[in-house]
$ cat structure.txt   # compact mmCIF, C-alpha atoms and all ligand atoms
# COMPACT_ATOMS: atom_id res chain seq x y z
CA MET A 1 0.00 0.00 0.00
CA LEU A 2 1.13 3.50 -0.73
CA ASN A 3 -0.77 6.61 0.34
CA GLY A 4 -3.64 4.31 1.38
CA LYS A 5 -4.00 2.75 -2.08
CA LYS A 6 -2.90 -0.49 -3.72
CA ILE A 7 0.10 -0.10 -6.01
CA LEU A 8 -0.03 -0.51 -9.76
CA TYR A 9 3.01 -0.74 -12.01
CA SER A 10 3.53 -0.94 -15.75
CA GLY A 11 5.68 0.36 -18.57
CA MET A 12 6.71 0.13 -22.19
CA GLN A 13 9.95 -0.21 -24.04
CA ALA A 14 11.37 3.02 -25.39
CA THR A 15 12.01 1.59 -28.83
CA GLY A 16 10.54 3.23 -31.92
CA THR A 17 7.09 4.71 -31.62
CA LEU A 18 4.09 3.00 -30.07
CA THR A 19 1.64 0.91 -32.06
CA LEU A 20 -2.13 0.73 -31.86
CA GLY A 21 -1.56 -2.60 -30.06
CA ASN A 22 0.42 -0.87 -27.28
CA TYR A 23 -2.29 1.73 -27.05
CA LEU A 24 -5.39 -0.49 -26.99
CA GLY A 25 -3.78 -3.34 -25.02
CA ALA A 26 -2.20 -1.08 -22.42
CA LEU A 27 -1.93 2.71 -22.49
CA LYS A 28 -5.58 3.57 -23.17
CA ASN A 29 -6.64 1.47 -20.19
CA TRP A 30 -4.16 3.11 -17.82
CA VAL A 31 -5.61 6.60 -17.91
CA LYS A 32 -8.25 6.19 -15.18
CA LEU A 33 -6.47 3.73 -12.95
CA HIS A 34 -5.00 6.38 -10.66
CA GLU A 35 -8.46 6.86 -9.15
CA GLU A 36 -8.21 3.41 -7.62
CA TYR A 37 -4.47 2.75 -7.41
CA GLU A 38 -1.20 4.50 -6.69
CA CYS A 39 0.21 4.23 -10.23
CA LEU A 40 3.79 4.09 -11.48
CA TYR A 41 4.69 3.87 -15.17
CA GLY A 42 8.21 3.43 -16.46
CA VAL A 43 9.85 4.44 -19.71
CA MET A 44 11.68 1.12 -19.98
CA ASP A 45 14.88 2.29 -21.58
CA LEU A 46 17.16 -0.34 -20.00
CA HIS A 47 15.07 -3.08 -21.57
CA SER A 48 15.43 -1.41 -24.96
CA LEU A 49 19.20 -1.91 -24.84
CA THR A 50 18.73 -5.63 -25.47
CA VAL A 51 18.43 -4.64 -29.14
CA ARG A 52 21.05 -2.36 -30.76
CA GLN A 53 20.02 1.29 -30.62
CA ASN A 54 21.31 4.39 -32.32
CA ALA A 55 22.09 6.58 -29.29
CA ALA A 56 20.63 9.85 -30.64
CA GLU A 57 17.45 8.19 -31.94
CA PHE A 58 17.07 6.24 -28.74
CA ARG A 59 17.22 9.37 -26.57
CA LYS A 60 14.56 10.94 -28.77
CA ASN A 61 12.37 7.85 -28.62
CA ALA A 62 12.49 7.71 -24.84
CA ARG A 63 11.39 11.33 -24.56
CA SER A 64 8.76 10.77 -27.18
CA LEU A 65 7.39 7.81 -25.21
CA TYR A 66 7.17 9.96 -22.10
CA ALA A 67 5.25 12.59 -24.08
CA LEU A 68 2.94 9.94 -25.56
CA TYR A 69 2.06 8.70 -22.08
CA VAL A 70 1.06 12.21 -21.11
CA ALA A 71 -0.68 12.93 -24.42
CA ALA A 72 -2.77 9.77 -24.05
CA GLY A 73 -4.10 11.21 -20.80
CA LEU A 74 -1.76 10.00 -18.06
CA ASP A 75 -1.47 12.99 -15.78
CA PRO A 76 2.13 13.21 -14.48
CA GLU A 77 0.86 14.89 -11.30
CA LYS A 78 -1.40 11.94 -10.51
CA ASN A 79 0.82 9.15 -11.85
CA CYS A 80 4.51 8.66 -11.24
CA ILE A 81 5.89 8.50 -14.80
CA TYR A 82 9.67 8.14 -14.86
CA TYR A 83 12.69 6.78 -16.72
CA GLN A 84 13.74 3.30 -15.62
CA SER A 85 17.44 4.16 -16.10
CA HIS A 86 17.14 7.16 -13.75
CA VAL A 87 16.48 4.86 -10.80
CA SER A 88 19.56 2.72 -10.26
CA GLY A 89 17.63 0.35 -7.99
CA HIS A 90 16.22 -1.46 -11.04
CA ALA A 91 19.63 -2.69 -12.13
CA GLU A 92 20.75 -3.39 -8.56
CA LEU A 93 17.68 -5.43 -7.66
CA GLY A 94 17.86 -7.08 -11.10
CA TRP A 95 21.29 -8.45 -10.25
CA ILE A 96 20.20 -9.80 -6.88
CA LEU A 97 17.10 -11.43 -8.38
CA SER A 98 19.14 -13.01 -11.16
CA CYS A 99 20.80 -15.03 -8.40
CA PHE A 100 17.35 -16.33 -7.47
CA THR A 101 16.23 -17.23 -11.00
CA TYR A 102 17.01 -20.52 -12.69
CA MET A 103 18.26 -20.86 -16.23
CA GLY A 104 15.64 -23.56 -16.72
CA GLU A 105 12.95 -20.94 -16.08
CA LEU A 106 14.48 -18.43 -18.48
CA ASN A 107 14.87 -21.12 -21.14
CA ARG A 108 11.10 -21.47 -21.22
CA MET A 109 10.38 -17.82 -22.06
CA THR A 110 8.68 -17.68 -25.46
CA GLN A 111 9.53 -14.02 -26.01
CA PHE A 112 13.24 -14.81 -25.65
CA LYS A 113 12.92 -17.58 -28.21
CA ASP A 114 11.08 -15.26 -30.64
CA LYS A 115 13.52 -12.40 -30.19
CA ALA A 116 16.56 -14.67 -30.43
CA ALA A 117 15.21 -15.95 -33.74
CA LYS A 118 14.66 -12.38 -34.98
CA HIS A 119 18.07 -11.09 -33.85
CA ALA A 120 20.20 -14.17 -34.49
CA ASP A 121 23.32 -12.00 -34.83
CA ASN A 122 22.88 -10.48 -31.36
CA ILE A 123 21.58 -13.01 -28.84
CA ASN A 124 23.05 -11.19 -25.85
CA ALA A 125 22.82 -12.09 -22.18
CA GLY A 126 20.53 -9.08 -21.56
CA LEU A 127 17.95 -10.53 -23.93
CA TYR A 128 18.10 -13.71 -21.90
CA THR A 129 17.83 -12.10 -18.47
CA TYR A 130 15.27 -9.53 -19.65
CA PRO A 131 12.47 -11.10 -17.53
CA VAL A 132 14.59 -10.75 -14.38
CA LEU A 133 14.95 -7.02 -14.91
CA MET A 134 11.21 -6.85 -15.50
CA ALA A 135 10.62 -8.72 -12.23
CA ALA A 136 12.89 -6.18 -10.51
CA ASP A 137 10.85 -3.27 -11.99
CA ILE A 138 7.67 -4.66 -10.53
CA LEU A 139 8.94 -5.96 -7.19
CA LEU A 140 10.97 -2.83 -6.45
CA TYR A 141 7.70 -0.91 -6.03
CA GLN A 142 5.82 -3.70 -4.23
CA ALA A 143 3.20 -3.61 -6.97
CA ASP A 144 -0.10 -5.37 -6.35
CA VAL A 145 -1.32 -5.12 -9.94
CA VAL A 146 0.40 -5.01 -13.33
CA PRO A 147 -1.76 -4.11 -16.34
CA VAL A 148 -0.30 -5.62 -19.54
CA GLY A 149 -1.31 -7.22 -22.83
CA VAL A 150 -1.43 -11.00 -23.23
CA ASP A 151 2.16 -11.23 -24.55
CA GLN A 152 3.55 -10.25 -21.13
CA LYS A 153 1.65 -12.89 -19.16
CA GLN A 154 4.55 -15.32 -19.00
CA HIS A 155 6.85 -12.57 -17.69
CA LEU A 156 4.34 -11.87 -14.93
CA GLU A 157 4.28 -15.53 -14.00
CA ILE A 158 8.05 -15.70 -13.63
CA THR A 159 7.93 -12.48 -11.57
CA ARG A 160 5.49 -14.15 -9.19
CA ASP A 161 7.67 -17.27 -8.99
CA ILE A 162 10.77 -15.23 -8.17
CA ALA A 163 8.90 -13.22 -5.52
CA GLN A 164 7.48 -16.34 -3.90
CA ARG A 165 10.87 -18.05 -3.89
CA PHE A 166 12.51 -15.03 -2.28
CA ASN A 167 9.72 -14.69 0.29
CA ALA A 168 9.96 -18.38 1.20
CA LEU A 169 13.64 -17.84 2.04
CA TYR A 170 13.54 -14.43 3.70
CA GLY A 171 10.00 -13.77 4.94
CA ASP A 172 7.42 -11.48 3.35
CA VAL A 173 9.72 -9.11 1.51
CA PHE A 174 7.86 -8.73 -1.78
CA THR A 175 4.21 -8.27 -2.64
CA VAL A 176 3.30 -11.00 -5.13
CA PRO A 177 1.75 -9.11 -8.07
CA GLU A 178 -1.29 -10.01 -10.16
CA ALA A 179 -1.43 -9.48 -13.92
CA TYR A 180 -4.36 -7.39 -15.07
CA ILE A 181 -5.18 -8.23 -18.68
CA PRO A 182 -8.03 -6.31 -20.33
CA LYS A 183 -10.99 -8.26 -21.75
CA ALA A 184 -10.82 -6.47 -25.09
CA GLY A 185 -7.72 -5.31 -26.94
CA ALA A 186 -5.24 -7.48 -25.02
CA LYS A 187 -3.92 -8.89 -28.28
CA ILE A 188 -4.25 -6.70 -31.34
CA MET A 189 -3.09 -8.56 -34.42
CA SER A 190 -1.15 -7.52 -37.53
CA LEU A 191 -3.31 -5.98 -40.27
CA GLN A 192 -1.45 -8.06 -42.85
CA ASP A 193 -1.33 -11.37 -40.99
CA PRO A 194 -4.06 -11.61 -38.36
CA LEU A 195 -2.45 -14.70 -36.85
CA LYS A 196 0.56 -12.61 -35.78
CA LYS A 197 0.67 -9.95 -33.03
CA MET A 198 0.81 -6.32 -34.20
CA SER A 199 4.39 -5.31 -33.50
CA LYS A 200 6.59 -2.24 -34.00
CA SER A 201 9.33 -4.39 -35.47
CA ASP A 202 7.16 -5.72 -38.32
CA GLU A 203 8.94 -5.24 -41.63
CA ASN A 204 5.71 -4.62 -43.49
CA ALA A 205 4.65 -1.03 -42.71
CA ASN A 206 1.05 -1.84 -43.68
CA ALA A 207 0.81 -4.39 -40.86
CA THR A 208 1.09 -1.86 -38.06
CA ILE A 209 -0.70 1.35 -37.14
CA LEU A 210 1.67 3.70 -35.36
CA LEU A 211 0.22 6.19 -32.88
CA LEU A 212 1.81 9.05 -34.79
CA ASP A 213 0.59 7.92 -38.23
CA GLU A 214 -1.23 10.64 -40.17
CA LYS A 215 -4.93 10.21 -40.87
CA ASP A 216 -4.34 9.28 -44.54
CA ALA A 217 -1.89 6.56 -43.61
CA VAL A 218 -4.25 5.14 -41.00
CA ILE A 219 -7.13 4.94 -43.45
CA ARG A 220 -4.95 3.53 -46.22
CA LYS A 221 -3.58 0.80 -43.94
CA PHE A 222 -7.07 -0.23 -42.82
CA LYS A 223 -8.30 -0.27 -46.42
CA ARG A 224 -5.47 -2.68 -47.23
CA ALA A 225 -6.05 -4.82 -44.14
CA VAL A 226 -6.29 -8.52 -44.89
CA THR A 227 -9.80 -9.85 -44.34
CA ASP A 228 -11.20 -13.34 -44.69
CA SER A 229 -13.23 -15.22 -47.25
CA GLY A 230 -16.93 -14.35 -47.39
CA CYS A 231 -18.22 -10.85 -46.90
CA GLU A 232 -20.02 -10.91 -43.57
CA VAL A 233 -18.84 -8.79 -40.64
CA ARG A 234 -19.03 -11.42 -37.91
CA TYR A 235 -16.83 -12.27 -34.91
CA ALA A 236 -15.64 -15.85 -35.35
CA GLU A 237 -12.55 -18.00 -34.93
CA ASP A 238 -12.42 -18.78 -38.64
CA LYS A 239 -12.47 -15.03 -39.40
CA PRO A 240 -9.30 -13.78 -37.68
CA GLY A 241 -8.90 -10.73 -39.93
CA VAL A 242 -12.45 -9.42 -39.46
CA SER A 243 -12.45 -10.36 -35.76
CA ASN A 244 -9.27 -8.33 -35.21
CA LEU A 245 -10.82 -5.31 -36.92
CA MET A 246 -13.94 -5.77 -34.79
CA ASP A 247 -11.76 -5.81 -31.68
CA ILE A 248 -10.11 -2.57 -32.73
CA TYR A 249 -13.40 -0.91 -33.66
CA GLY A 250 -15.00 -2.10 -30.40
CA CYS A 251 -12.11 -0.76 -28.25
CA VAL A 252 -12.27 2.63 -29.95
CA THR A 253 -16.04 3.12 -30.12
CA GLY A 254 -17.11 1.15 -27.05
CA LYS A 255 -19.51 -0.93 -29.18
CA SER A 256 -20.08 -4.64 -28.52
CA TYR A 257 -19.53 -7.32 -31.19
CA GLU A 258 -23.31 -7.69 -31.60
CA GLU A 259 -23.73 -3.97 -32.15
CA ILE A 260 -20.94 -3.97 -34.72
CA GLU A 261 -22.44 -6.97 -36.53
CA ARG A 262 -25.80 -5.18 -36.69
CA GLU A 263 -24.24 -1.92 -37.86
CA PHE A 264 -22.52 -3.61 -40.82
CA ASP A 265 -25.16 -6.20 -41.63
CA GLY A 266 -25.27 -6.54 -45.43
CA ARG A 267 -22.67 -3.79 -45.97
CA GLY A 268 -19.54 -5.82 -46.78
CA TYR A 269 -15.89 -5.48 -45.83
CA GLY A 270 -15.08 -2.29 -47.78
CA ASP A 271 -17.47 -0.13 -45.75
CA PHE A 272 -16.41 -1.75 -42.53
CA LYS A 273 -12.67 -1.25 -43.09
CA LEU A 274 -13.21 2.40 -43.92
CA ALA A 275 -15.29 2.90 -40.77
CA VAL A 276 -12.59 1.30 -38.61
CA GLY A 277 -9.92 3.51 -40.23
CA GLU A 278 -11.95 6.64 -39.62
CA ALA A 279 -12.76 5.75 -36.02
CA VAL A 280 -9.09 5.06 -35.25
CA ALA A 281 -7.91 8.25 -36.98
CA GLN A 282 -10.47 10.21 -34.98
CA GLU A 283 -9.28 8.63 -31.73
CA LEU A 284 -5.64 9.43 -32.52
CA GLU A 285 -6.10 13.00 -33.68
CA PRO A 286 -6.41 14.72 -30.25
CA LEU A 287 -3.65 12.53 -28.85
CA GLN A 288 -1.29 13.58 -31.66
CA LYS A 289 -2.14 17.25 -31.20
CA LYS A 290 -1.45 17.06 -27.47
CA TYR A 291 1.75 15.13 -28.17
CA ARG A 292 3.09 17.89 -30.40
CA GLU A 293 2.27 20.53 -27.80
CA ILE A 294 4.03 18.59 -25.04
CA MET A 295 7.12 17.92 -27.14
CA GLU A 296 7.43 21.62 -27.84
CA ASP A 297 7.19 22.58 -24.18
CA LYS A 298 10.68 21.56 -23.14
CA SER A 299 10.65 23.11 -19.69
CA TYR A 300 7.32 21.49 -18.76
CA LEU A 301 8.51 18.07 -19.83
CA ASP A 302 11.88 18.46 -18.09
CA SER A 303 10.23 19.54 -14.85
CA VAL A 304 7.74 16.66 -14.67
CA ILE A 305 10.45 14.17 -15.59
CA SER A 306 12.78 15.28 -12.81
CA ALA A 307 10.05 15.54 -10.16
CA ASN A 308 8.83 12.02 -10.93
CA ASP A 309 12.35 10.55 -11.12
CA GLU A 310 12.88 11.68 -7.54
CA LYS A 311 9.58 10.27 -6.38
CA ALA A 312 10.25 6.88 -8.00
CA ALA A 313 13.79 6.74 -6.58
CA ALA A 314 12.49 7.37 -3.07
CA TYR A 315 9.93 4.53 -3.33
CA ALA A 316 12.53 2.18 -4.82
CA ALA A 317 15.19 2.85 -2.21
CA LYS A 318 13.02 1.43 0.57
CA THR A 319 12.58 -1.99 -1.02
CA LEU A 320 16.16 -2.18 -2.20
CA ARG A 321 17.53 -1.49 1.26
CA LYS A 322 15.24 -4.12 2.75
CA VAL A 323 16.38 -6.72 0.21
CA GLN A 324 20.07 -5.90 0.68
CA LYS A 325 19.67 -6.37 4.42
CA LYS A 326 17.79 -9.65 4.06
CA VAL A 327 20.43 -11.23 1.83
CA GLY A 328 23.21 -10.02 4.14
CA LEU A 329 24.86 -7.25 2.17
CA THR A 330 26.52 -4.93 4.64
CA GLU A 331 25.41 -1.38 5.05
CA LYS A 332 27.68 1.39 3.78
CA LEU A 333 29.45 3.05 6.68
CA ARG A 334 29.12 6.81 6.95
CA ARG A 335 32.17 8.85 7.77
CA SER A 336 31.62 10.72 11.00
P1 LIG A 401 6.21 -3.64 -24.77
O1 LIG A 401 6.95 -2.37 -24.82
O2 LIG A 401 6.51 -4.69 -25.80
O3 LIG A 401 4.67 -3.38 -24.81
C1 LIG A 401 4.05 -2.45 -23.93
C2 LIG A 401 2.64 -2.91 -23.59
O4 LIG A 401 1.86 -3.05 -24.79
C3 LIG A 401 1.26 -4.35 -24.84
N1 LIG A 401 1.19 -4.77 -26.25
C4 LIG A 401 0.06 -5.18 -26.85
N2 LIG A 401 -1.20 -5.29 -26.41
C5 LIG A 401 -2.12 -5.71 -27.30
N3 LIG A 401 -1.85 -6.02 -28.59
C6 LIG A 401 -0.60 -5.93 -29.07
N4 LIG A 401 -0.34 -6.22 -30.35
C7 LIG A 401 0.43 -5.48 -28.20
N5 LIG A 401 1.77 -5.26 -28.34
C8 LIG A 401 2.21 -4.84 -27.14
C9 LIG A 401 2.20 -5.23 -24.02
O5 LIG A 401 1.56 -6.38 -23.54
C10 LIG A 401 2.61 -4.29 -22.90
O6 LIG A 401 1.65 -4.27 -21.89
N6 LIG A 401 8.51 -6.13 -21.16
C11 LIG A 401 7.56 -5.08 -21.42
C12 LIG A 401 7.92 -3.75 -20.81
C13 LIG A 401 8.17 -3.82 -19.35
C14 LIG A 401 7.18 -3.92 -18.33
C15 LIG A 401 7.90 -3.93 -17.11
C16 LIG A 401 5.79 -4.01 -18.34
C17 LIG A 401 9.38 -3.77 -18.75
N7 LIG A 401 9.21 -3.83 -17.40
C18 LIG A 401 7.22 -4.03 -15.88
C19 LIG A 401 5.12 -4.11 -17.12
C20 LIG A 401 5.84 -4.12 -15.92
C21 LIG A 401 7.45 -4.89 -22.91
O7 LIG A 401 8.36 -5.20 -23.65
O8 LIG A 401 6.34 -4.29 -23.32
$ encode --input "structure.txt" --output "structure tokens"
Amino acid sequence: MLNGKKILYSGMQATGTLTLGNYLGALKNWVKLHEEYECLYGVMDLHSLTVRQNAAEFRKNARSLYALYVAAGLDPEKNCIYYQSHVSGHAELGWILSCFTYMGELNRMTQFKDKAAKHADNINAGLYTYPVLMAADILLYQADVVPVGVDQKQHLEITRDIAQRFNALYGDVFTVPEAYIPKAGAKIMSLQDPLKKMSKSDENANATILLLDEKDAVIRKFKRAVTDSGCEVRYAEDKPGVSNLMDIYGCVTGKSYEEIEREFDGRGYGDFKLAVGEAVAQELEPLQKKYREIMEDKSYLDSVISANDEKAAAYAAKTLRKVQKKVGLTEKLRRS
């Protein structure tokens, strides 16, 4: 508990710009959570280093991610939004936890296997221990709840296992967190291959809607979206393309599958795809406008970043000190 509320923690990698999947599966759902929880959101820049980055671009992307959080409606006065790399406790706790994580567990991580296949020339140790750093992010703040999309579920499970193992040895040090996966939007699929997750690293630009895509691009990509045989707008397992578009449309408009089916009854895929494109473009427009304003206001952004960095560091220090003590690391002596 913090300030009388349960603690919620989440974050995103600071690589490239966000996709509609990141937005609908995570960010859009975060905006109101501060009413119920004490919320912390990280710009996960240390995790991004597992893939080679151009330093100048990377710095820009991290700042841009921070601005997108705020533009999407996360109020930095009500949520602690900070850079992961500005709080050294993440790396320090990550090391300690790596000594409580088995290679057998890490070998089972499907995201590692996928990423290793994609980056065969750079299968570095950070990619392998990525879930341990993620566990450290969450456990450092004693989070009760972690809102994420479906693809992060396995990482949440290993986080729980590490926490329980540590607690069994040292007493109740960590809160064991629960994943919070939204009912709709938790897995937005590629527009070009609806059996694959929408991802920023997709080589086909038409597969992914980026949050900063212009209206024309959004509509064009939806018009080109792969649909299924037949022409009926219906949510069904054998219609992954149409079902994915229905998910997106439902998340953006708040309409149920039945309502969407009724709305497009007898109208065919062309009409439907255009409507989805327009609804998404309309949703993104105010966010993009706000984003541009925030990016231009350097002093505002700098001031909220530094205030929140300090807040996060203060929360983190408490847990880190407790863990160091429990495992028997000696306290630094102060010179008198
Ligand atoms: P990342 O940056 O890949 O994704 C950020 C969030 O977006 C969700 N997401 C999706 N949801 C629905 N459909 C999609 N196509 C889609 N693609 C991505 C993800 O599930 C995630 O919630 N390891 C994390 C970042 C991280 C983190 C943490 C998260 C580091 N430490 C601690 C929570 C708590 C990641 O790579 O997310």
$ axis_aligned_box --input "structure.txt" --around "segment 127-137 of chain A" --padding-each-side "5 Å" --output "lines of an AutoDock Vina configuration file"
center_x = 14.4
center_y = -8.5
center_z = -17.2
size_x = 17.5
size_y = 20.4
size_z = 23.4
$ residues_near_ligand --input "structure.txt" --ligand "ligand LIG 401 (chain A)" --cutoff "8 Å" --atoms "only C-alpha atoms and all ligand atoms" --output "mmCIF file with C-alpha atoms, in the coordinates of the input"
data_model
loop_
_atom_site.group_PDB
_atom_site.id
_atom_site.type_symbol
_atom_site.label_atom_id
_atom_site.label_comp_id
_atom_site.auth_asym_id
_atom_site.auth_seq_id
_atom_site.Cartn_x
_atom_site.Cartn_y
_atom_site.Cartn_z
ATOM 1 C CA TYR A 9 3.010 -0.740 -12.010
ATOM 2 C CA SER A 10 3.530 -0.940 -15.750
ATOM 3 C CA GLY A 11 5.680 0.360 -18.570
ATOM 4 C CA MET A 12 6.710 0.130 -22.190
ATOM 5 C CA GLN A 13 9.950 -0.210 -24.040
ATOM 6 C CA ALA A 14 11.370 3.020 -25.390
ATOM 7 C CA THR A 15 12.010 1.590 -28.830
ATOM 8 C CA THR A 19 1.640 0.910 -32.060
ATOM 9 C CA LEU A 20 -2.130 0.730 -31.860
ATOM 10 C CA GLY A 21 -1.560 -2.600 -30.060
ATOM 11 C CA ASN A 22 0.420 -0.870 -27.280
ATOM 12 C CA TYR A 23 -2.290 1.730 -27.050
ATOM 13 C CA LEU A 24 -5.390 -0.490 -26.990
ATOM 14 C CA GLY A 25 -3.780 -3.340 -25.020
ATOM 15 C CA ALA A 26 -2.200 -1.080 -22.420
ATOM 16 C CA LEU A 27 -1.930 2.710 -22.490
ATOM 17 C CA GLY A 42 8.210 3.430 -16.460
ATOM 18 C CA MET A 44 11.680 1.120 -19.980
ATOM 19 C CA HIS A 47 15.070 -3.080 -21.570
ATOM 20 C CA TYR A 130 15.270 -9.530 -19.650
ATOM 21 C CA PRO A 131 12.470 -11.100 -17.530
ATOM 22 C CA LEU A 133 14.950 -7.020 -14.910
ATOM 23 C CA MET A 134 11.210 -6.850 -15.500
ATOM 24 C CA ALA A 135 10.620 -8.720 -12.230
ATOM 25 C CA ASP A 137 10.850 -3.270 -11.990
ATOM 26 C CA ILE A 138 7.670 -4.660 -10.530
ATOM 27 C CA VAL A 146 0.400 -5.010 -13.330
ATOM 28 C CA PRO A 147 -1.760 -4.110 -16.340
ATOM 29 C CA VAL A 148 -0.300 -5.620 -19.540
ATOM 30 C CA GLY A 149 -1.310 -7.220 -22.830
ATOM 31 C CA VAL A 150 -1.430 -11.000 -23.230
ATOM 32 C CA ASP A 151 2.160 -11.230 -24.550
ATOM 33 C CA GLN A 152 3.550 -10.250 -21.130
ATOM 34 C CA LYS A 153 1.650 -12.890 -19.160
ATOM 35 C CA HIS A 155 6.850 -12.570 -17.690
ATOM 36 C CA LEU A 156 4.340 -11.870 -14.930
ATOM 37 C CA GLY A 185 -7.720 -5.310 -26.940
ATOM 38 C CA ALA A 186 -5.240 -7.480 -25.020
ATOM 39 C CA LYS A 187 -3.920 -8.890 -28.280
ATOM 40 C CA ILE A 188 -4.250 -6.700 -31.340
ATOM 41 C CA MET A 189 -3.090 -8.560 -34.420
ATOM 42 C CA SER A 190 -1.150 -7.520 -37.530
ATOM 43 C CA LYS A 197 0.670 -9.950 -33.030
ATOM 44 C CA MET A 198 0.810 -6.320 -34.200
ATOM 45 C CA SER A 199 4.390 -5.310 -33.500
#
$ residues_around --input "structure.txt" --residues "Asp45 of chain A" --least-positions-apart "4" --cutoff "7 Å" --atoms "all atoms listed in the file" --output "list in words"
Gln13, Ala14, Leu49, Ala62, Tyr83, Gln84 and Ser85 of chain A
$ residues_around --input "structure.txt" --residues "His34 of chain A" --least-positions-apart "2" --cutoff "9 Å" --atoms "only C-alpha atoms" --output "PyMOL selection string"
chain A and resi 8+30-32+36-39+74+78-79
$ atom_distance --input "structure.txt" --atom1 "atom CA of Ser88 of chain A" --atom2 "atom CA of Ala307 of chain A"
16.0 Å
$ closest_residue --input "structure.txt" --among "A:Asn167, A:Asn107, A:Ser336, A:Asn29" --to "Val323 of chain A" --atoms "only C-alpha atoms"
A:Asn167
$ atom_distance --input "structure.txt" --atom1 "atom CA of Gly16 of chain A" --atom2 "atom CA of Pro286 of chain A"
20.5 Å
$ atom_distance --input "structure.txt" --atom1 "atom CA of Arg108 of chain A" --atom2 "atom CA of Leu169 of chain A"
23.7 Å
$ decode --input "structure.txt" --residues "segment 117-167 of chain A" --atoms "C-alpha atoms" --output "PDB file, in the first residue's frame"
ATOM      1  CA  ALA A 117      15.210 -15.952 -33.744  1.00  0.00           C
ATOM      2  CA  LYS A 118      14.663 -12.378 -34.982  1.00  0.00           C
ATOM      3  CA  HIS A 119      18.069 -11.093 -33.849  1.00  0.00           C
ATOM      4  CA  ALA A 120      20.200 -14.175 -34.489  1.00  0.00           C
ATOM      5  CA  ASP A 121      23.317 -11.996 -34.830  1.00  0.00           C
ATOM      6  CA  ASN A 122      22.882 -10.479 -31.358  1.00  0.00           C
ATOM      7  CA  ILE A 123      21.583 -13.008 -28.840  1.00  0.00           C
ATOM      8  CA  ASN A 124      23.048 -11.194 -25.854  1.00  0.00           C
ATOM      9  CA  ALA A 125      22.817 -12.088 -22.180  1.00  0.00           C
ATOM     10  CA  GLY A 126      20.531  -9.085 -21.563  1.00  0.00           C
ATOM     11  CA  LEU A 127      17.952 -10.527 -23.928  1.00  0.00           C
ATOM     12  CA  TYR A 128      18.100 -13.706 -21.905  1.00  0.00           C
ATOM     13  CA  THR A 129      17.832 -12.099 -18.467  1.00  0.00           C
ATOM     14  CA  TYR A 130      15.268  -9.526 -19.654  1.00  0.00           C
ATOM     15  CA  PRO A 131      12.473 -11.104 -17.532  1.00  0.00           C
ATOM     16  CA  VAL A 132      14.587 -10.755 -14.381  1.00  0.00           C
ATOM     17  CA  LEU A 133      14.946  -7.021 -14.911  1.00  0.00           C
ATOM     18  CA  MET A 134      11.208  -6.852 -15.504  1.00  0.00           C
ATOM     19  CA  ALA A 135      10.623  -8.721 -12.226  1.00  0.00           C
ATOM     20  CA  ALA A 136      12.889  -6.180 -10.515  1.00  0.00           C
ATOM     21  CA  ASP A 137      10.850  -3.272 -11.986  1.00  0.00           C
ATOM     22  CA  ILE A 138       7.668  -4.655 -10.528  1.00  0.00           C
ATOM     23  CA  LEU A 139       8.940  -5.956  -7.192  1.00  0.00           C
ATOM     24  CA  LEU A 140      10.966  -2.833  -6.447  1.00  0.00           C
ATOM     25  CA  TYR A 141       7.701  -0.910  -6.028  1.00  0.00           C
ATOM     26  CA  GLN A 142       5.823  -3.705  -4.231  1.00  0.00           C
ATOM     27  CA  ALA A 143       3.204  -3.606  -6.974  1.00  0.00           C
ATOM     28  CA  ASP A 144      -0.104  -5.372  -6.353  1.00  0.00           C
ATOM     29  CA  VAL A 145      -1.319  -5.122  -9.938  1.00  0.00           C
ATOM     30  CA  VAL A 146       0.403  -5.012 -13.331  1.00  0.00           C
ATOM     31  CA  PRO A 147      -1.756  -4.107 -16.341  1.00  0.00           C
ATOM     32  CA  VAL A 148      -0.302  -5.622 -19.538  1.00  0.00           C
ATOM     33  CA  GLY A 149      -1.311  -7.218 -22.831  1.00  0.00           C
ATOM     34  CA  VAL A 150      -1.430 -11.002 -23.229  1.00  0.00           C
ATOM     35  CA  ASP A 151       2.156 -11.226 -24.550  1.00  0.00           C
ATOM     36  CA  GLN A 152       3.547 -10.249 -21.128  1.00  0.00           C
ATOM     37  CA  LYS A 153       1.647 -12.890 -19.161  1.00  0.00           C
ATOM     38  CA  GLN A 154       4.554 -15.324 -19.001  1.00  0.00           C
ATOM     39  CA  HIS A 155       6.847 -12.568 -17.690  1.00  0.00           C
ATOM     40  CA  LEU A 156       4.342 -11.866 -14.928  1.00  0.00           C
ATOM     41  CA  GLU A 157       4.280 -15.531 -14.003  1.00  0.00           C
ATOM     42  CA  ILE A 158       8.050 -15.700 -13.626  1.00  0.00           C
ATOM     43  CA  THR A 159       7.930 -12.483 -11.571  1.00  0.00           C
ATOM     44  CA  ARG A 160       5.494 -14.148  -9.193  1.00  0.00           C
ATOM     45  CA  ASP A 161       7.668 -17.266  -8.989  1.00  0.00           C
ATOM     46  CA  ILE A 162      10.770 -15.229  -8.168  1.00  0.00           C
ATOM     47  CA  ALA A 163       8.895 -13.220  -5.518  1.00  0.00           C
ATOM     48  CA  GLN A 164       7.477 -16.337  -3.896  1.00  0.00           C
ATOM     49  CA  ARG A 165      10.871 -18.054  -3.885  1.00  0.00           C
ATOM     50  CA  PHE A 166      12.508 -15.031  -2.282  1.00  0.00           C
ATOM     51  CA  ASN A 167       9.723 -14.689   0.287  1.00  0.00           C
TER      52      ASN A 167
END
